[in-house]
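Next up, entry.pdb (PDB, C-alpha atoms, pLDDT in the B column):
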ATOM      1  CA  LEU M   1       0.000   0.000   0.000  1.00 54.00           C
ATOM      2  CA  ALA M   2       1.250   3.447  -0.863  1.00 59.00           C
ATOM      3  CA  LYS M   3       2.668   5.580   1.852  1.00 74.00           C
ATOM      4  CA  THR M   4       3.116   9.249   1.189  1.00 86.00           C
ATOM      5  CA  THR M   5       5.639  11.081   3.332  1.00 90.00           C
ATOM      6  CA  GLN M   6       6.064  14.824   3.709  1.00 95.00           C
ATOM      7  CA  PRO M   7       8.022  16.967   6.184  1.00 96.00           C
ATOM      8  CA  ILE M   8       5.774  17.965   9.057  1.00 95.00           C
ATOM      9  CA  SER M   9       6.687  21.642   8.935  1.00 96.00           C
ATOM     10  CA  MET M  10       8.880  24.199   7.199  1.00 97.00           C
ATOM     11  CA  ASP M  11       9.823  27.785   7.953  1.00 97.00           C
ATOM     12  CA  SER M  12      10.673  30.424   5.387  1.00 97.00           C
ATOM     13  CA  TYR M  13      10.888  34.181   4.909  1.00 97.00           C
ATOM     14  CA  GLU M  14       9.021  36.406   2.523  1.00 97.00           C
ATOM     15  CA  GLY M  15      10.549  36.488  -0.934  1.00 97.00           C
ATOM     16  CA  GLN M  16      12.311  33.144  -0.627  1.00 97.00           C
ATOM     17  CA  GLU M  17      11.719  30.055  -2.750  1.00 97.00           C
ATOM     18  CA  VAL M  18      10.241  27.095  -0.891  1.00 98.00           C
ATOM     19  CA  ASN M  19      10.516  23.478  -1.991  1.00 98.00           C
ATOM     20  CA  ILE M  20       8.328  20.809  -0.390  1.00 98.00           C
ATOM     21  CA  THR M  21       8.949  17.169  -1.238  1.00 97.00           C
ATOM     22  CA  CYS M  22       6.536  14.252  -1.051  1.00 95.00           C
ATOM     23  CA  SER M  23       7.636  10.639  -1.263  1.00 93.00           C
ATOM     24  CA  HIS M  24       5.138   8.154  -2.703  1.00 88.00           C
ATOM     25  CA  ASN M  25       6.618   4.696  -3.059  1.00 81.00           C
ATOM     26  CA  ASN M  26       3.718   2.870  -4.705  1.00 77.00           C
ATOM     27  CA  ILE M  27       2.023   5.396  -6.921  1.00 81.00           C
ATOM     28  CA  ALA M  28      -0.396   3.981  -9.484  1.00 77.00           C
ATOM     29  CA  THR M  29       1.208   3.775 -12.913  1.00 76.00           C
ATOM     30  CA  ASN M  30      -1.169   6.008 -14.806  1.00 77.00           C
ATOM     31  CA  ASP M  31      -2.039   8.475 -12.091  1.00 84.00           C
ATOM     32  CA  TYR M  32      -1.324  12.142 -11.627  1.00 90.00           C
ATOM     33  CA  ILE M  33       0.429  13.739  -8.671  1.00 93.00           C
ATOM     34  CA  THR M  34      -1.507  16.670  -7.314  1.00 96.00           C
ATOM     35  CA  TRP M  35      -0.733  19.303  -4.690  1.00 97.00           C
ATOM     36  CA  TYR M  36      -3.185  21.235  -2.561  1.00 97.00           C
ATOM     37  CA  GLN M  37      -3.062  24.159  -0.167  1.00 97.00           C
ATOM     38  CA  GLN M  38      -5.300  24.309   2.870  1.00 96.00           C
ATOM     39  CA  PHE M  39      -6.107  27.189   5.212  1.00 95.00           C
ATOM     40  CA  PRO M  40      -7.833  26.641   8.567  1.00 90.00           C
ATOM     41  CA  SER M  41     -11.540  25.850   8.296  1.00 87.00           C
ATOM     42  CA  GLN M  42     -11.421  25.708   4.508  1.00 91.00           C
ATOM     43  CA  GLY M  43     -11.332  22.934   1.962  1.00 94.00           C
ATOM     44  CA  PRO M  44      -8.067  22.111   0.197  1.00 96.00           C
ATOM     45  CA  ARG M  45      -7.369  24.322  -2.801  1.00 96.00           C
ATOM     46  CA  PHE M  46      -5.838  22.927  -6.005  1.00 95.00           C
ATOM     47  CA  ILE M  47      -2.331  24.210  -6.738  1.00 97.00           C
ATOM     48  CA  ILE M  48      -0.821  22.084  -9.481  1.00 96.00           C
ATOM     49  CA  GLN M  49      -0.949  18.633 -11.057  1.00 95.00           C
ATOM     50  CA  GLY M  50       1.550  16.641 -13.096  1.00 94.00           C
ATOM     51  CA  TYR M  51       2.412  13.198 -14.399  1.00 91.00           C
ATOM     52  CA  LYS M  52       6.155  13.419 -15.045  1.00 88.00           C
ATOM     53  CA  THR M  53       9.098  15.801 -15.494  1.00 88.00           C
ATOM     54  CA  LYS M  54       8.194  19.423 -14.793  1.00 95.00           C
ATOM     55  CA  VAL M  55       4.969  21.369 -14.771  1.00 95.00           C
ATOM     56  CA  THR M  56       4.677  25.101 -14.167  1.00 95.00           C
ATOM     57  CA  ASN M  57       1.704  27.369 -13.711  1.00 95.00           C
ATOM     58  CA  GLU M  58       1.248  30.913 -12.498  1.00 95.00           C
ATOM     59  CA  VAL M  59       1.701  30.036  -8.821  1.00 95.00           C
ATOM     60  CA  ALA M  60       4.020  27.014  -8.591  1.00 97.00           C
ATOM     61  CA  SER M  61       6.207  24.436 -10.267  1.00 97.00           C
ATOM     62  CA  LEU M  62       6.090  20.701  -9.824  1.00 97.00           C
ATOM     63  CA  PHE M  63       9.135  18.514 -10.363  1.00 97.00           C
ATOM     64  CA  ILE M  64       8.683  14.756 -10.831  1.00 95.00           C
ATOM     65  CA  PRO M  65      11.673  12.422 -11.368  1.00 92.00           C
ATOM     66  CA  ALA M  66      11.555   9.597 -13.874  1.00 91.00           C
ATOM     67  CA  ASP M  67      10.720   6.919 -11.296  1.00 90.00           C
ATOM     68  CA  ARG M  68       7.788   9.041 -10.018  1.00 90.00           C
ATOM     69  CA  LYS M  69       8.417   7.900  -6.454  1.00 90.00           C
ATOM     70  CA  SER M  70       8.609  11.468  -5.255  1.00 93.00           C
ATOM     71  CA  SER M  71       7.603  14.957  -6.273  1.00 95.00           C
ATOM     72  CA  THR M  72       8.663  18.453  -5.276  1.00 97.00           C
ATOM     73  CA  LEU M  73       6.384  21.438  -5.093  1.00 98.00           C
ATOM     74  CA  SER M  74       8.253  24.696  -5.631  1.00 98.00           C
ATOM     75  CA  LEU M  75       6.753  28.007  -4.523  1.00 98.00           C
ATOM     76  CA  PRO M  76       8.724  30.973  -5.867  1.00 95.00           C
ATOM     77  CA  ARG M  77       9.034  34.095  -3.725  1.00 94.00           C
ATOM     78  CA  VAL M  78       6.591  33.189  -0.964  1.00 97.00           C
ATOM     79  CA  SER M  79       4.554  35.810   0.849  1.00 97.00           C
ATOM     80  CA  LEU M  80       2.881  35.851   4.254  1.00 97.00           C
ATOM     81  CA  SER M  81      -0.367  34.685   2.649  1.00 96.00           C
ATOM     82  CA  ASP M  82       1.321  31.434   1.626  1.00 97.00           C
ATOM     83  CA  THR M  83       1.341  30.331   5.264  1.00 98.00           C
ATOM     84  CA  ALA M  84      -0.809  27.202   5.092  1.00 97.00           C
ATOM     85  CA  VAL M  85      -0.687  23.417   5.073  1.00 96.00           C
ATOM     86  CA  TYR M  86       0.386  21.794   1.795  1.00 97.00           C
ATOM     87  CA  TYR M  87      -0.644  18.282   0.806  1.00 97.00           C
ATOM     88  CA  CYS M  88       0.329  15.933  -1.987  1.00 96.00           C
ATOM     89  CA  LEU M  89      -2.281  13.536  -3.356  1.00 95.00           C
ATOM     90  CA  VAL M  90      -1.548  10.399  -5.317  1.00 92.00           C
ATOM     91  CA  GLY M  91      -3.431   7.345  -6.459  1.00 87.00           C
ATOM     92  CA  ASP M  92      -2.418   3.933  -5.208  1.00 82.00           C
ATOM     93  CA  MET M  93      -3.081   0.648  -6.917  1.00 76.00           C
ATOM     94  CA  TRP M  94      -2.841  -2.327  -4.555  1.00 71.00           C
ATOM     95  CA  ARG M  95      -4.080  -5.762  -5.615  1.00 70.00           C
ATOM     96  CA  SER M  96      -6.326  -4.287  -8.303  1.00 73.00           C
ATOM     97  CA  SER M  97      -7.875  -1.912  -5.781  1.00 78.00           C
ATOM     98  CA  TYR M  98      -7.429   1.795  -6.433  1.00 82.00           C
ATOM     99  CA  LYS M  99      -7.601   4.458  -3.769  1.00 86.00           C
ATOM    100  CA  LEU M 100      -6.471   8.037  -3.322  1.00 91.00           C
ATOM    101  CA  ILE M 101      -3.967   8.862  -0.620  1.00 91.00           C
ATOM    102  CA  PHE M 102      -3.173  12.263   0.803  1.00 93.00           C
ATOM    103  CA  GLY M 103       0.175  12.970   2.353  1.00 92.00           C
ATOM    104  CA  SER M 104       0.217  13.926   6.006  1.00 92.00           C
ATOM    105  CA  GLY M 105       0.691  17.573   5.113  1.00 95.00           C
ATOM    106  CA  THR M 106       3.487  20.124   5.495  1.00 97.00           C
ATOM    107  CA  ARG M 107       2.762  23.158   7.613  1.00 96.00           C
ATOM    108  CA  LEU M 108       4.544  26.119   6.009  1.00 98.00           C
ATOM    109  CA  LEU M 109       5.156  29.234   8.063  1.00 98.00           C
ATOM    110  CA  VAL M 110       6.288  32.323   6.166  1.00 97.00           C
ATOM    111  CA  ARG M 111       7.873  34.994   8.331  1.00 97.00           C
ATOM    112  CA  PRO M 112       8.259  38.709   7.495  1.00 95.00           C
TER     113      PRO M 112
ATOM    114  CA  ASP I   1     -15.351  30.026  -4.402  1.00 83.00           C
ATOM    115  CA  SER I   2     -14.657  26.530  -5.729  1.00 86.00           C
ATOM    116  CA  GLY I   3     -18.154  26.029  -7.092  1.00 93.00           C
ATOM    117  CA  VAL I   4     -18.660  22.940  -4.926  1.00 97.00           C
ATOM    118  CA  THR I   5     -21.498  23.332  -2.438  1.00 97.00           C
ATOM    119  CA  GLN I   6     -21.795  21.280   0.718  1.00 98.00           C
ATOM    120  CA  THR I   7     -24.714  21.311   3.128  1.00 97.00           C
ATOM    121  CA  PRO I   8     -25.108  21.596   5.998  1.00 97.00           C
ATOM    122  CA  LYS I   9     -22.013  23.499   7.140  1.00 97.00           C
ATOM    123  CA  HIS I  10     -22.361  22.255  10.689  1.00 97.00           C
ATOM    124  CA  LEU I  11     -24.147  19.267  12.153  1.00 97.00           C
ATOM    125  CA  ILE I  12     -24.449  18.320  15.798  1.00 97.00           C
ATOM    126  CA  THR I  13     -26.010  15.025  16.737  1.00 97.00           C
ATOM    127  CA  ALA I  14     -25.775  12.182  19.219  1.00 97.00           C
ATOM    128  CA  THR I  15     -24.224   8.744  19.175  1.00 97.00           C
ATOM    129  CA  GLY I  16     -26.291   6.111  17.421  1.00 97.00           C
ATOM    130  CA  GLN I  17     -27.972   8.596  15.105  1.00 97.00           C
ATOM    131  CA  ARG I  18     -27.902   8.798  11.308  1.00 97.00           C
ATOM    132  CA  VAL I  19     -27.088  11.853   9.195  1.00 98.00           C
ATOM    133  CA  THR I  20     -26.935  12.723   5.513  1.00 98.00           C
ATOM    134  CA  LEU I  21     -24.400  15.106   4.043  1.00 98.00           C
ATOM    135  CA  ARG I  22     -25.067  16.637   0.663  1.00 98.00           C
ATOM    136  CA  CYS I  23     -22.745  17.796  -2.093  1.00 98.00           C
ATOM    137  CA  SER I  24     -23.412  19.661  -5.322  1.00 98.00           C
ATOM    138  CA  PRO I  25     -20.427  19.472  -7.683  1.00 97.00           C
ATOM    139  CA  ARG I  26     -19.152  22.235  -9.917  1.00 97.00           C
ATOM    140  CA  SER I  27     -21.219  22.695 -13.029  1.00 95.00           C
ATOM    141  CA  GLY I  28     -20.104  20.176 -15.629  1.00 93.00           C
ATOM    142  CA  ASP I  29     -18.040  18.014 -13.275  1.00 96.00           C
ATOM    143  CA  LEU I  30     -18.894  14.326 -13.517  1.00 96.00           C
ATOM    144  CA  SER I  31     -16.834  12.985 -10.650  1.00 96.00           C
ATOM    145  CA  VAL I  32     -17.478  13.405  -6.946  1.00 97.00           C
ATOM    146  CA  TYR I  33     -15.156  12.432  -4.088  1.00 97.00           C
ATOM    147  CA  TRP I  34     -15.724  12.265  -0.337  1.00 98.00           C
ATOM    148  CA  TYR I  35     -13.029  12.726   2.305  1.00 97.00           C
ATOM    149  CA  GLN I  36     -12.901  12.726   6.083  1.00 97.00           C
ATOM    150  CA  GLN I  37     -10.495  15.016   7.921  1.00 96.00           C
ATOM    151  CA  SER I  38      -9.799  14.541  11.587  1.00 91.00           C
ATOM    152  CA  LEU I  39      -6.956  15.799  13.754  1.00 80.00           C
ATOM    153  CA  ASP I  40      -5.391  12.390  14.285  1.00 75.00           C
ATOM    154  CA  GLN I  41      -6.024  10.843  10.847  1.00 76.00           C
ATOM    155  CA  GLY I  42      -5.489  13.704   8.424  1.00 86.00           C
ATOM    156  CA  LEU I  43      -7.340  13.669   5.109  1.00 93.00           C
ATOM    157  CA  GLN I  44      -8.750  10.219   4.416  1.00 94.00           C
ATOM    158  CA  PHE I  45     -10.286   9.239   1.100  1.00 95.00           C
ATOM    159  CA  LEU I  46     -13.687   7.613   1.478  1.00 96.00           C
ATOM    160  CA  ILE I  47     -15.210   7.063  -1.952  1.00 96.00           C
ATOM    161  CA  GLN I  48     -15.406   8.355  -5.522  1.00 96.00           C
ATOM    162  CA  TYR I  49     -18.245   8.357  -8.020  1.00 96.00           C
ATOM    163  CA  TYR I  50     -18.031   9.077 -11.711  1.00 95.00           C
ATOM    164  CA  ASN I  51     -21.216   9.846 -13.614  1.00 94.00           C
ATOM    165  CA  GLY I  52     -23.313   7.908 -11.141  1.00 94.00           C
ATOM    166  CA  GLU I  53     -21.100   4.853 -10.825  1.00 94.00           C
ATOM    167  CA  GLU I  54     -18.803   3.988  -7.938  1.00 94.00           C
ATOM    168  CA  ARG I  55     -15.262   4.414  -9.216  1.00 92.00           C
ATOM    169  CA  ALA I  56     -12.966   3.918  -6.242  1.00 92.00           C
ATOM    170  CA  LYS I  57     -13.319   3.090  -2.594  1.00 92.00           C
ATOM    171  CA  GLY I  58     -11.101   4.064   0.283  1.00 91.00           C
ATOM    172  CA  ASN I  59     -11.290   3.230   3.956  1.00 84.00           C
ATOM    173  CA  ILE I  60     -15.001   3.833   4.172  1.00 93.00           C
ATOM    174  CA  LEU I  61     -16.701   2.141   7.102  1.00 94.00           C
ATOM    175  CA  GLU I  62     -19.615  -0.204   6.521  1.00 95.00           C
ATOM    176  CA  ARG I  63     -21.759   2.212   8.555  1.00 96.00           C
ATOM    177  CA  PHE I  64     -21.145   4.798   5.861  1.00 97.00           C
ATOM    178  CA  SER I  65     -22.630   4.795   2.371  1.00 97.00           C
ATOM    179  CA  ALA I  66     -22.814   7.203  -0.521  1.00 97.00           C
ATOM    180  CA  GLN I  67     -24.426   7.637  -3.876  1.00 97.00           C
ATOM    181  CA  GLN I  68     -24.391   9.972  -6.829  1.00 97.00           C
ATOM    182  CA  PHE I  69     -27.721  10.875  -8.362  1.00 97.00           C
ATOM    183  CA  PRO I  70     -28.630  11.433 -12.041  1.00 96.00           C
ATOM    184  CA  ASP I  71     -28.304  15.202 -11.570  1.00 95.00           C
ATOM    185  CA  LEU I  72     -24.743  14.462 -10.323  1.00 96.00           C
ATOM    186  CA  HIS I  73     -25.213  15.666  -6.781  1.00 97.00           C
ATOM    187  CA  SER I  74     -24.039  13.245  -4.121  1.00 98.00           C
ATOM    188  CA  GLU I  75     -25.002  12.272  -0.616  1.00 98.00           C
ATOM    189  CA  LEU I  76     -22.924  10.666   2.115  1.00 98.00           C
ATOM    190  CA  ASN I  77     -24.923   8.758   4.703  1.00 98.00           C
ATOM    191  CA  LEU I  78     -23.409   8.087   8.109  1.00 98.00           C
ATOM    192  CA  SER I  79     -25.267   5.764  10.473  1.00 97.00           C
ATOM    193  CA  SER I  80     -24.873   4.376  13.994  1.00 97.00           C
ATOM    194  CA  LEU I  81     -22.692   7.356  14.691  1.00 97.00           C
ATOM    195  CA  GLU I  82     -19.857   7.083  17.190  1.00 96.00           C
ATOM    196  CA  LEU I  83     -17.848   9.764  18.949  1.00 95.00           C
ATOM    197  CA  GLY I  84     -14.918   9.011  16.673  1.00 94.00           C
ATOM    198  CA  ASP I  85     -16.927  10.009  13.617  1.00 96.00           C
ATOM    199  CA  SER I  86     -16.648  13.644  14.656  1.00 96.00           C
ATOM    200  CA  ALA I  87     -14.671  15.269  11.840  1.00 96.00           C
ATOM    201  CA  LEU I  88     -14.768  17.547   8.846  1.00 97.00           C
ATOM    202  CA  TYR I  89     -16.243  15.860   5.791  1.00 98.00           C
ATOM    203  CA  PHE I  90     -15.208  17.270   2.449  1.00 98.00           C
ATOM    204  CA  CYS I  91     -16.668  16.741  -0.957  1.00 98.00           C
ATOM    205  CA  ALA I  92     -14.676  17.446  -4.098  1.00 98.00           C
ATOM    206  CA  SER I  93     -15.479  17.272  -7.784  1.00 97.00           C
ATOM    207  CA  SER I  94     -13.512  16.998 -10.995  1.00 96.00           C
ATOM    208  CA  ALA I  95     -14.355  17.204 -14.653  1.00 94.00           C
ATOM    209  CA  GLU I  96     -12.347  14.102 -15.529  1.00 89.00           C
ATOM    210  CA  ASP I  97     -11.942  10.815 -13.729  1.00 86.00           C
ATOM    211  CA  ARG I  98      -8.975  11.361 -11.336  1.00 84.00           C
ATOM    212  CA  GLY I  99      -8.495  14.891 -12.629  1.00 88.00           C
ATOM    213  CA  ALA I 100      -7.819  18.028 -10.631  1.00 91.00           C
ATOM    214  CA  GLN I 101     -10.252  18.127  -7.730  1.00 95.00           C
ATOM    215  CA  HIS I 102     -12.022  21.189  -6.402  1.00 96.00           C
ATOM    216  CA  PHE I 103     -13.166  21.041  -2.805  1.00 97.00           C
ATOM    217  CA  GLY I 104     -16.150  22.395  -0.965  1.00 97.00           C
ATOM    218  CA  ASP I 105     -15.805  24.058   2.414  1.00 95.00           C
ATOM    219  CA  GLY I 106     -16.855  20.922   4.230  1.00 97.00           C
ATOM    220  CA  THR I 107     -19.439  19.817   6.760  1.00 97.00           C
ATOM    221  CA  ARG I 108     -18.298  19.843  10.360  1.00 97.00           C
ATOM    222  CA  LEU I 109     -19.888  16.912  12.157  1.00 97.00           C
ATOM    223  CA  SER I 110     -19.894  16.877  15.941  1.00 96.00           C
ATOM    224  CA  ILE I 111     -21.101  13.821  17.816  1.00 96.00           C
ATOM    225  CA  LEU I 112     -22.075  14.422  21.427  1.00 92.00           C
TER     226      LEU I 112
END
Before we go any further, please render this structure as structure tokens.
Amino acid sequence: LAKTTQPISMDSYEGQEVNITCSHNNIATNDYITWYQQFPSQGPRFIIQGYKTKVTNEVASLFIPADRKSSTLSLPRVSLSDTAVYYCLVGDMWRSSYKLIFGSGTRLLVRP
Amino acid sequence: DSGVTQTPKHLITATGQRVTLRCSPRSGDLSVYWYQQSLDQGLQFLIQYYNGEERAKGNILERFSAQQFPDLHSELNLSSLELGDSALYFCASSAEDRGAQHFGDGTRLSIL
């Protein structure tokens, strides 16, 4: 069964680049890797999704190595409003049974 | 605003009772997902429907059931409630099967 592992917390300062890595050792072959941001008392908010190599949108980049057993979310020049919990989400295929698995979340604190 | 509507926002009930949580997906989205978020378990995938059919199943208890109706809204039924069922329940929807998910703001269930 897939286990997704993320650092529990990270600290950064405004204007810095932040990289958060998720390890997913049994990701389903044909599934995407997706990252979400969550603020207190709100639902997770979609950030970025990718299958392999590198994906970039207006808010983040996602780096996925060839073996797809990990992924790195990169947030360029963070601001105070980026303080939140970040989750990776992957699909796991175990004995022909598919399920979605969220990482345990990384609490990012951005300081002035 | 994600476009996903969950009702009610809050629900307080007693052990042994049964409740129904409702989710209206974003316009045009065919897939609906249900998640449970508690402090000690994080975000746990419960079940996914795609265009009315069950698509994937997570660690959903036998006391819980869900369905997606022809108009694509979904309901999550929780019965024989226990104190440990107290949690935030999120619904998400996506246009494609296993595509980028957009989350509602959740239903906070409190069991007294």
Exercise for the section: Please indicate the distance in Å from atom CA of Val32 of chain I to atom CA of Gly52 of chain I, rounded to one decimal place. Expected result: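 Taking atom CA of Val32 of chain I and atom CA of Gly52 of chain I, their separation equals 9.0 Å.
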Handout entry: Given the PyMOL selection byres ((chain I) within 9 of (chain M)), the residues it picks as a PyMOL selection string
Key = chain I and resi 2+41-48+55-59+88+90-92+98-106
Once you have the residues from the selection above, write them out as a tab-separated table (two decimals), keeping the file's coordinate frame, restricted to C-alpha atoms.
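Final output, result16.tsv:
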chain	number	residue	atom	x	y	z
I	2	SER	CA	-14.66	26.53	-5.73
I	41	GLN	CA	-6.02	10.84	10.85
I	42	GLY	CA	-5.49	13.70	8.42
I	43	LEU	CA	-7.34	13.67	5.11
I	44	GLN	CA	-8.75	10.22	4.42
I	45	PHE	CA	-10.29	9.24	1.10
I	46	LEU	CA	-13.69	7.61	1.48
I	47	ILE	CA	-15.21	7.06	-1.95
I	48	GLN	CA	-15.41	8.36	-5.52
I	55	ARG	CA	-15.26	4.41	-9.22
I	56	ALA	CA	-12.97	3.92	-6.24
I	57	LYS	CA	-13.32	3.09	-2.59
I	58	GLY	CA	-11.10	4.06	0.28
I	59	ASN	CA	-11.29	3.23	3.96
I	88	LEU	CA	-14.77	17.55	8.85
I	90	PHE	CA	-15.21	17.27	2.45
I	91	CYS	CA	-16.67	16.74	-0.96
I	92	ALA	CA	-14.68	17.45	-4.10
I	98	ARG	CA	-8.98	11.36	-11.34
I	99	GLY	CA	-8.49	14.89	-12.63
I	100	ALA	CA	-7.82	18.03	-10.63
I	101	GLN	CA	-10.25	18.13	-7.73
I	102	HIS	CA	-12.02	21.19	-6.40
I	103	PHE	CA	-13.17	21.04	-2.80
I	104	GLY	CA	-16.15	22.40	-0.96
I	105	ASP	CA	-15.80	24.06	2.41
I	106	GLY	CA	-16.86	20.92	4.23
Exercise for the section: Find the residue from I:Thr7, I:Gly16, I:Asn77, I:Glu96 that sits nearest to Asp29 of chain I; use all atoms listed in the file when measuring. Expected result: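 Of the candidates, the smallest distance to Asp29 of chain I is held by I:Glu96.
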Exercise for the section: Run through the PyMOL selection byres ((chain I and resi 73) around 7) on the given coordinates and return the selected residues as a ChimeraX atom specification. Expected result: /I:23-25,68-69,71-72,74
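Within a radius of 10 Å around (1.3, 30.9, -12.3), the polymer residues are Ile47, Ile48, Thr56, Asn57, Glu58, Val59, Ala60, Ser61, Leu75 and Pro76 of chain M, counting all atoms listed in the file.
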Practice task
Give me the result of the PyMOL selection byres ((chain M and resi 94) around 9) on this file, residue by residue, as a PyMOL selection string.
Solution key: chain M and resi 1-2+26+28+92-93+95-99
Taking C-alpha atoms for each residue, export the selection above as a CSV table (one decimal), keeping the file's coordinate frame.
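Saved to result03.csv:
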chain,number,residue,atom,x,y,z
M,1,LEU,CA,0.0,0.0,0.0
M,2,ALA,CA,1.2,3.4,-0.9
M,26,ASN,CA,3.7,2.9,-4.7
M,28,ALA,CA,-0.4,4.0,-9.5
M,92,ASP,CA,-2.4,3.9,-5.2
M,93,MET,CA,-3.1,0.6,-6.9
M,95,ARG,CA,-4.1,-5.8,-5.6
M,96,SER,CA,-6.3,-4.3,-8.3
M,97,SER,CA,-7.9,-1.9,-5.8
M,98,TYR,CA,-7.4,1.8,-6.4
M,99,LYS,CA,-7.6,4.5,-3.8
Exercise for the section: Could you please determine the separation between atom CA of Ser79 of chain I and atom CA of Gln67 of chain I in Å, to one decimal place? Expected result: 14.5 Å
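Interatomic distance, atom CA of Thr72 of chain M to atom CA of Leu109 of chain M: 17.5 Å.
Considering the residues M:Lys54, M:Arg68, M:Arg107, M:Arg77 and counting only C-alpha atoms, Ser23 of chain M has its shortest atom-to-atom contact with M:Arg68.
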Problem - Distance criterion (only C-alpha atoms): nearest to Ser81 of chain M out of M:Gln38, M:Thr53, M:Thr106, M:Thr21 - result: M:Gln38
Practice task
Please provide the set of residues having any atom within 9 Å of Lys69 of chain M, restricted to all atoms listed in the file, with same-chain residues fewer than 4 positions apart removed, written as number ranges by chain.
Solution key: M: 22-27, 64-65
May I have the selected residues written with C-alpha atoms, as a CSV table (one decimal), in the frame of the given file?
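Result saved to selection.csv:
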chain,number,residue,atom,x,y,z
M,22,CYS,CA,6.5,14.3,-1.1
M,23,SER,CA,7.6,10.6,-1.3
M,24,HIS,CA,5.1,8.2,-2.7
M,25,ASN,CA,6.6,4.7,-3.1
M,26,ASN,CA,3.7,2.9,-4.7
M,27,ILE,CA,2.0,5.4,-6.9
M,64,ILE,CA,8.7,14.8,-10.8
M,65,PRO,CA,11.7,12.4,-11.4
Need the axis-aligned box for segment 85-98 of chain M with 3 Å each side, so what are the centre and edges in Å to one decimal, as lines of an AutoDock Vina configuration file?
center_x = -3.7
center_y = 8.8
center_z = -1.6
size_x = 14.3
size_y = 35.2
size_z = 19.4
Problem - I:His10, I:Arg26, I:Arg108, I:Arg18 ranked by distance to Glu82 of chain I, top pick (using all atoms listed in the file) - result: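 Ranking I:His10, I:Arg26, I:Arg108, I:Arg18 by distance to Glu82 of chain I, first place goes to I:Arg18.
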Practice task
Go through M:Glu14, M:Val55, M:Leu108, M:Pro40 and flag the residue nearest Val78 of chain M, using all atoms listed in the file for the distances.
Solution key: M:Glu14
